[in-house]
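Below is one structure, written out as structure tokens; the observations come after it.
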Amino acid sequence: MWTAILVLLIAAEFSMMMVYYNTVLHAKLLSQLASHSSITVEKVMNVMALISDLSLAMSLVVLLQRRRMGGFSSTSSVIKLIIAYTIGTSLLSALLSLMALVLVIVYPDSFVWLAVDLLVSKCELPLFLA
């Protein structure tokens, strides 16, 4: 059940990214990116990224905590390191998504949010690879 919810969240985030990138590719001027529809898609994409990052990290931590019971101490310490890495990368990605969302709400006419949005994609890759 939880896996299906995660798959739906990630699929929704991916579809919003495709809608956003389609909008970006068809923009002939940089000022067209600041249109109302592009900003709305950006807001929804950041909210979906925030929700999916946190839920994916939470489920991974819960799964690893359940598997850590018993076994060898060296395996347990490696699982603790993986949990710490997962929490660190997901919190960074979630904070950057939240910062991009706040910036796109506060400054929709400037492209300050775009700089933070570019960092979000760099931080999400290690989370999905973990």
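So you can find residues: chains in the structure tokens are A, B, ... in the order shown, residues in each start at 1, and ligands are numbered from 1 in order.
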query: Among region 59-112 of chain A, which residues carry a DSSP assignment of helix (DSSP H, G or I), reported as an MDAnalysis selection string?
result: chainID A and resid 59:67 73:106 112
Would you mind listing, for every residue of region 46-66 of chain A within 8 Å of region 3-25 of chain A, the two atoms forming the shortest contact and the distance between them in Å to one decimal, using only C-alpha atoms, sorted by chain and ascending residue number, as CSV?
residue,atom,partner,partner_atom,distance
A:Met48,CA,A:Glu13,CA,5.4
A:Ala49,CA,A:Glu13,CA,6.2
A:Ile51,CA,A:Leu9,CA,7.8
A:Ser52,CA,A:Leu9,CA,5.7
A:Ser55,CA,A:Leu6,CA,7.2
A:Leu56,CA,A:Leu6,CA,6.7
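Distances from A:Leu63, A:Ala100, A:Met1, A:Ala27 to Met45 (chain A) were compared using only C-alpha atoms, and the smallest one belongs to A:Ala100.
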message: Please compute the CA of Thr86 (chain A)-CA of Leu114 (chain A) distance, one decimal, in Å.
response: 24.9 Å
Which residue of A:Ser77, A:Val120, A:Ile39, A:Ile87 approaches Val62 (chain A) most closely, using only C-alpha atoms: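 With only C-alpha atoms as the atom set, the closest residue is A:Ile87.
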Interatomic distance (Å, one decimal) between CA of Ala34 (chain A) and CA of Asp53 (chain A): 25.6 Å
message: Quick one: residues within 8 Å of Val47 (chain A), only C-alpha atoms, excluding same-chain residues fewer than 6 positions away - as a ChimeraX atom specification?
response: /A:97-98,101
One-decimal distance in Å that lies between CA of Arg67 (chain A) and CA of Leu92 (chain A): 24.8 Å
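Nearest to Tyr107 (chain A) of all the residues A:Lys80, A:Lys43, A:Arg68, A:Lys122 is A:Lys43, counting only C-alpha atoms.
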